[in-house]
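These notes are about the structure you will find just below.
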Amino acid sequence: SPPICTQPPSDLASIKLIGTHDGDFHCDEALACALLQQTPTFKGATIMRTRNKTFLDQATILVDVGAEYNSEALRFDHHQASFAGTMTTSVKQYKTRLSSAGLIYKHYGMEILRNLSGSCCESDLEALYDRVYLNFIEAIDGVDNGVEEYSLSREDVPDVSLVQNYRNNTSLSARVRNLNPAWNEERTEERVRESFWQAMQLTYGEFVQAVCIYRDSWLPARSLVQKAVKDRFEIHSSGRILKMDTPCPWKEHLFDIEVESGIPGECLFVLFPDHLQQWRVQCVGVAGTKFQNRQSIQWAGLRDEELSTAAGIKDCIFVHVTGFIGGNKTYAGALEMAVKSLPN
């Protein structure tokens, strides 16, 4: 583990010093420190946890403390009222206010991703940079800044912007919070340093896992979805049914590719084989929702012979009760299920 101290060490002139606040630690500064440790500039740097301004002024870089955001001066705090920074990638302008994790990722993320993904071209790195923020970093920013995961305005509930449907107590931020000493534990500096190091390892481990998933699974699927969109009129004259020759993570790619191709919302169904080499027909969802279909499959809840009889299609296996996915023993049968479910 890197050296963690509470005041500037005596050899300050010969080291790099990362400053952050003491007291309870949070997911954002733990990850910010861990990310900095992966850069050539701050690899092995000493981490100083304090709120003493005189000490902090001597740090090479500050994260989550200092009430200043100045990238040239290496000051990366987000708590000051004047701060309203958000993430901008080549794909999207985000609205979530950045935490220290988002700030460090904004300025050092591409460098870290390049080190983790040496064989990726620049366009793939830009896609990874956006996707890792969207699916990993942004939630940390939101939690640390008190941004609700779901917002709902209701006229019948004045002055309330959110109706809580569930509590998420297993998020990365929550798991980091739980590493802090409990209120009735002895709070020694040694115990806090050990726990903070555990938080750094936890957050960075999950960061690397996210990068690997999007690099090794998500990115390779893009070209397959592009081909499916390009060939969609060969599958059906409507151009609204896609065929994937292998199952892959197609959903987010499809939304992006539709926009890039000038056909947002056009595709309704995707056909692909399952592990038994039977065929599935799945609805394309409405972007930004989990359970809303652009167009549902007919015959929801039916199975086997009852389904085949109702649909007039041989070899049907099932249609989910919500109508979002169905199955057939053959490609021809799955295609017919999709065609019959197209809007008139």
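In the structure tokens, chains take the letters A, B, ... in the order shown, each chain's residues start at 1, and ligands count up from 1 in the order shown.
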- Message: When you look at stretch 170-172 of chain A with a cut-off of 12 Å (counting only C-alpha atoms), what residues show up, excluding the ones that are within fewer than 2 positions of it in the same chain? I need them as a ChimeraX atom specification.
- Response: /A:26-28,30-31,136-144,149,166-168,174-179,199-207
Write out as JSON lines a residue-level contact list of stretch 158-228 of chain A versus stretch 240-255 of chain A with cut-off 8 Å: for each qualifying residue the closest pair of atoms and the distance in Å to one decimal, counting only C-alpha atoms, rows sorted by chain and residue number upward.
{"residue": "A:Ser217", "atom": "CA", "partner": "A:Pro249", "partner_atom": "CA", "distance": 7.6}
{"residue": "A:Trp218", "atom": "CA", "partner": "A:Pro249", "partner_atom": "CA", "distance": 6.3}
{"residue": "A:Ala221", "atom": "CA", "partner": "A:Cys248", "partner_atom": "CA", "distance": 6.1}
{"residue": "A:Arg222", "atom": "CA", "partner": "A:His253", "partner_atom": "CA", "distance": 5.9}
{"residue": "A:Leu224", "atom": "CA", "partner": "A:Met244", "partner_atom": "CA", "distance": 7.3}
{"residue": "A:Val225", "atom": "CA", "partner": "A:Trp250", "partner_atom": "CA", "distance": 6.2}
{"residue": "A:Gln226", "atom": "CA", "partner": "A:Leu254", "partner_atom": "CA", "distance": 7.8}
{"residue": "A:Ala228", "atom": "CA", "partner": "A:Leu242", "partner_atom": "CA", "distance": 5.7}
- Item | 9 Å contact set for A:Phe291, only C-alpha atoms, chain neighbours under 4 positions out, as a PyMOL selection string | chain A and resi 285-286+322+324
May I have the selected residues written with all heavy atoms, as a compact mmCIF listing (two decimals), in the first residue's frame?
# COMPACT_ATOMS: atom_id res chain seq x y z
N GLY A 285 -36.25 -1.94 -26.44
CA GLY A 285 -36.86 -1.11 -25.41
C GLY A 285 -36.85 0.36 -25.78
O GLY A 285 -36.19 0.79 -26.73
N VAL A 286 -37.57 1.13 -25.01
CA VAL A 286 -37.54 2.58 -25.13
C VAL A 286 -36.30 3.08 -24.39
O VAL A 286 -36.07 2.71 -23.24
CB VAL A 286 -38.81 3.21 -24.54
CG1 VAL A 286 -38.73 4.73 -24.56
CG2 VAL A 286 -40.03 2.71 -25.30
N THR A 322 -44.89 -10.24 -20.19
CA THR A 322 -44.83 -8.81 -20.50
C THR A 322 -44.71 -8.54 -21.99
O THR A 322 -44.74 -7.39 -22.42
CB THR A 322 -43.65 -8.13 -19.79
OG1 THR A 322 -42.42 -8.70 -20.27
CG2 THR A 322 -43.74 -8.31 -18.29
N PHE A 324 -42.04 -8.92 -23.83
CA PHE A 324 -40.78 -8.32 -24.25
C PHE A 324 -39.86 -9.31 -24.97
O PHE A 324 -38.94 -8.92 -25.69
CB PHE A 324 -40.04 -7.69 -23.06
CG PHE A 324 -39.12 -8.62 -22.33
CD1 PHE A 324 -37.75 -8.63 -22.61
CD2 PHE A 324 -39.60 -9.47 -21.34
CE1 PHE A 324 -36.90 -9.47 -21.92
CE2 PHE A 324 -38.75 -10.31 -20.65
CZ PHE A 324 -37.39 -10.32 -20.94
- Task: Report as a PyMOL selection string: the residues of stretch 118-304 of chain A with a DSSP assignment of helix (DSSP H, G or I), based on the backbone of this structure.
- Result: chain A and resi 122-144+172-177+189-230+232-235+251-260+304
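Residues of stretch 74-291 of chain A carrying a DSSP assignment of strand (DSSP E), computed from the backbone, are Arg75, Phe76, Ile241, Leu242, Lys243, Phe269, Val270, Leu271, Phe272, Pro273, Trp279, Arg280, Val281, Gln282 and Cys283 of chain A.
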Write a file of the selected residues as a compact mmCIF listing (two decimals), in the first residue's frame, keeping all heavy atoms.
# COMPACT_ATOMS: atom_id res chain seq x y z
N ARG A 75 -5.79 21.33 -8.27
CA ARG A 75 -6.73 21.43 -7.16
C ARG A 75 -8.10 20.94 -7.66
O ARG A 75 -8.68 21.53 -8.57
CB ARG A 75 -6.84 22.86 -6.64
CG ARG A 75 -5.68 23.43 -5.79
CD ARG A 75 -4.74 22.44 -5.30
NE ARG A 75 -3.78 22.89 -4.30
CZ ARG A 75 -2.58 22.32 -4.18
NH1 ARG A 75 -2.21 21.34 -5.00
NH2 ARG A 75 -1.74 22.70 -3.23
N PHE A 76 -8.60 19.85 -7.05
CA PHE A 76 -9.79 19.19 -7.57
C PHE A 76 -10.83 18.97 -6.47
O PHE A 76 -11.08 17.85 -6.03
CB PHE A 76 -9.41 17.84 -8.20
CG PHE A 76 -8.52 17.97 -9.41
CD1 PHE A 76 -7.14 17.80 -9.29
CD2 PHE A 76 -9.04 18.26 -10.66
CE1 PHE A 76 -6.31 17.91 -10.39
CE2 PHE A 76 -8.22 18.39 -11.77
CZ PHE A 76 -6.85 18.21 -11.63
N ILE A 241 -36.69 -5.15 -38.27
CA ILE A 241 -36.30 -6.39 -37.59
C ILE A 241 -34.82 -6.65 -37.86
O ILE A 241 -34.39 -6.64 -39.02
CB ILE A 241 -37.14 -7.58 -38.08
CG1 ILE A 241 -38.63 -7.33 -37.84
CG2 ILE A 241 -36.71 -8.87 -37.38
CD1 ILE A 241 -39.55 -8.36 -38.47
N LEU A 242 -34.05 -6.87 -36.81
CA LEU A 242 -32.63 -7.15 -36.93
C LEU A 242 -32.36 -8.61 -36.64
O LEU A 242 -33.05 -9.24 -35.83
CB LEU A 242 -31.81 -6.30 -35.96
CG LEU A 242 -32.01 -4.79 -35.96
CD1 LEU A 242 -31.03 -4.14 -34.99
CD2 LEU A 242 -31.84 -4.22 -37.35
N LYS A 243 -31.32 -9.14 -37.25
CA LYS A 243 -30.88 -10.50 -36.99
C LYS A 243 -29.44 -10.47 -36.50
O LYS A 243 -28.55 -9.96 -37.18
CB LYS A 243 -30.97 -11.36 -38.25
CG LYS A 243 -30.45 -12.79 -38.05
CD LYS A 243 -30.37 -13.54 -39.38
CE LYS A 243 -29.77 -14.92 -39.19
NZ LYS A 243 -29.56 -15.62 -40.49
N PHE A 269 -37.57 -5.15 -33.28
CA PHE A 269 -37.31 -6.50 -32.79
C PHE A 269 -35.91 -6.95 -33.20
O PHE A 269 -35.41 -6.59 -34.28
CB PHE A 269 -38.33 -7.50 -33.35
CG PHE A 269 -39.75 -7.19 -32.98
CD1 PHE A 269 -40.64 -6.71 -33.94
CD2 PHE A 269 -40.20 -7.36 -31.68
CE1 PHE A 269 -41.95 -6.41 -33.60
CE2 PHE A 269 -41.51 -7.06 -31.33
CZ PHE A 269 -42.38 -6.59 -32.29
N VAL A 270 -35.30 -7.78 -32.35
CA VAL A 270 -33.99 -8.36 -32.63
C VAL A 270 -34.10 -9.87 -32.48
O VAL A 270 -34.59 -10.37 -31.47
CB VAL A 270 -32.92 -7.81 -31.67
CG1 VAL A 270 -31.57 -8.49 -31.93
CG2 VAL A 270 -32.78 -6.29 -31.85
N LEU A 271 -33.63 -10.59 -33.50
CA LEU A 271 -33.62 -12.05 -33.48
C LEU A 271 -32.20 -12.53 -33.21
O LEU A 271 -31.24 -12.00 -33.77
CB LEU A 271 -34.09 -12.60 -34.83
CG LEU A 271 -35.38 -12.03 -35.42
CD1 LEU A 271 -35.65 -12.67 -36.78
CD2 LEU A 271 -36.55 -12.26 -34.48
N PHE A 272 -32.06 -13.56 -32.36
CA PHE A 272 -30.74 -14.12 -32.10
C PHE A 272 -30.88 -15.55 -31.57
O PHE A 272 -31.90 -15.91 -30.97
CB PHE A 272 -29.98 -13.27 -31.08
CG PHE A 272 -30.69 -13.06 -29.77
CD1 PHE A 272 -30.51 -13.95 -28.71
CD2 PHE A 272 -31.55 -11.99 -29.58
CE1 PHE A 272 -31.17 -13.77 -27.51
CE2 PHE A 272 -32.22 -11.81 -28.37
CZ PHE A 272 -32.03 -12.70 -27.33
N PRO A 273 -29.88 -16.39 -31.78
CA PRO A 273 -29.94 -17.77 -31.29
C PRO A 273 -29.58 -17.84 -29.81
O PRO A 273 -28.78 -17.04 -29.32
CB PRO A 273 -28.88 -18.49 -32.13
CG PRO A 273 -27.87 -17.43 -32.45
CD PRO A 273 -28.66 -16.14 -32.58
N TRP A 279 -34.23 -20.05 -31.36
CA TRP A 279 -34.17 -18.62 -31.68
C TRP A 279 -35.07 -17.80 -30.75
O TRP A 279 -36.16 -18.24 -30.38
CB TRP A 279 -34.55 -18.39 -33.13
CG TRP A 279 -33.39 -18.70 -34.03
CD1 TRP A 279 -32.99 -19.94 -34.46
CD2 TRP A 279 -32.44 -17.78 -34.55
NE1 TRP A 279 -31.86 -19.84 -35.22
CE2 TRP A 279 -31.49 -18.53 -35.30
CE3 TRP A 279 -32.29 -16.40 -34.47
CZ2 TRP A 279 -30.42 -17.94 -35.96
CZ3 TRP A 279 -31.23 -15.80 -35.13
CH2 TRP A 279 -30.31 -16.56 -35.86
N ARG A 280 -34.57 -16.65 -30.41
CA ARG A 280 -35.32 -15.69 -29.59
C ARG A 280 -35.68 -14.48 -30.44
O ARG A 280 -34.91 -14.07 -31.34
CB ARG A 280 -34.48 -15.22 -28.40
CG ARG A 280 -34.07 -16.34 -27.44
CD ARG A 280 -35.27 -16.90 -26.70
NE ARG A 280 -34.90 -17.98 -25.79
CZ ARG A 280 -34.66 -17.81 -24.50
NH1 ARG A 280 -34.74 -16.60 -23.96
NH2 ARG A 280 -34.34 -18.85 -23.74
N VAL A 281 -36.82 -13.90 -30.12
CA VAL A 281 -37.20 -12.60 -30.67
C VAL A 281 -37.41 -11.68 -29.49
O VAL A 281 -38.20 -11.97 -28.60
CB VAL A 281 -38.45 -12.69 -31.57
CG1 VAL A 281 -39.58 -13.43 -30.88
CG2 VAL A 281 -38.90 -11.30 -32.00
N GLN A 282 -36.65 -10.60 -29.45
CA GLN A 282 -36.72 -9.68 -28.31
C GLN A 282 -37.09 -8.29 -28.78
O GLN A 282 -36.62 -7.82 -29.83
CB GLN A 282 -35.38 -9.64 -27.57
CG GLN A 282 -35.42 -8.80 -26.30
CD GLN A 282 -34.20 -9.01 -25.42
OE1 GLN A 282 -33.41 -9.91 -25.64
NE2 GLN A 282 -34.05 -8.15 -24.41
N CYS A 283 -37.93 -7.64 -28.00
CA CYS A 283 -38.34 -6.27 -28.32
C CYS A 283 -37.19 -5.31 -28.03
O CYS A 283 -36.44 -5.49 -27.07
CB CYS A 283 -39.54 -5.86 -27.48
SG CYS A 283 -40.95 -6.96 -27.63
- Message: List the spatial neighbours of A:Lys16 as a PyMOL selection string - criterion: any atom at most 7 Å away, only C-alpha atoms, same-chain residues fewer than 6 positions off excluded.
- Response: chain A and resi 42+45-46+60
- Item | Shell of 12 Å around stretch 211-213 of chain A, only C-alpha atoms, local chain residues under 5 positions omitted, as number ranges by chain | A: 109-110, 112-117, 120, 124-125, 127-137, 204-206, 218-221, 249
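One finds atom CA of A:Ala13 at 26.9 Å from atom CA of A:Phe25.
With distances restricted to only C-alpha atoms, A:Asn180 is the closest residue to A:Glu194 from A:Glu260, A:Asp216, A:Asn180, A:Gly301.
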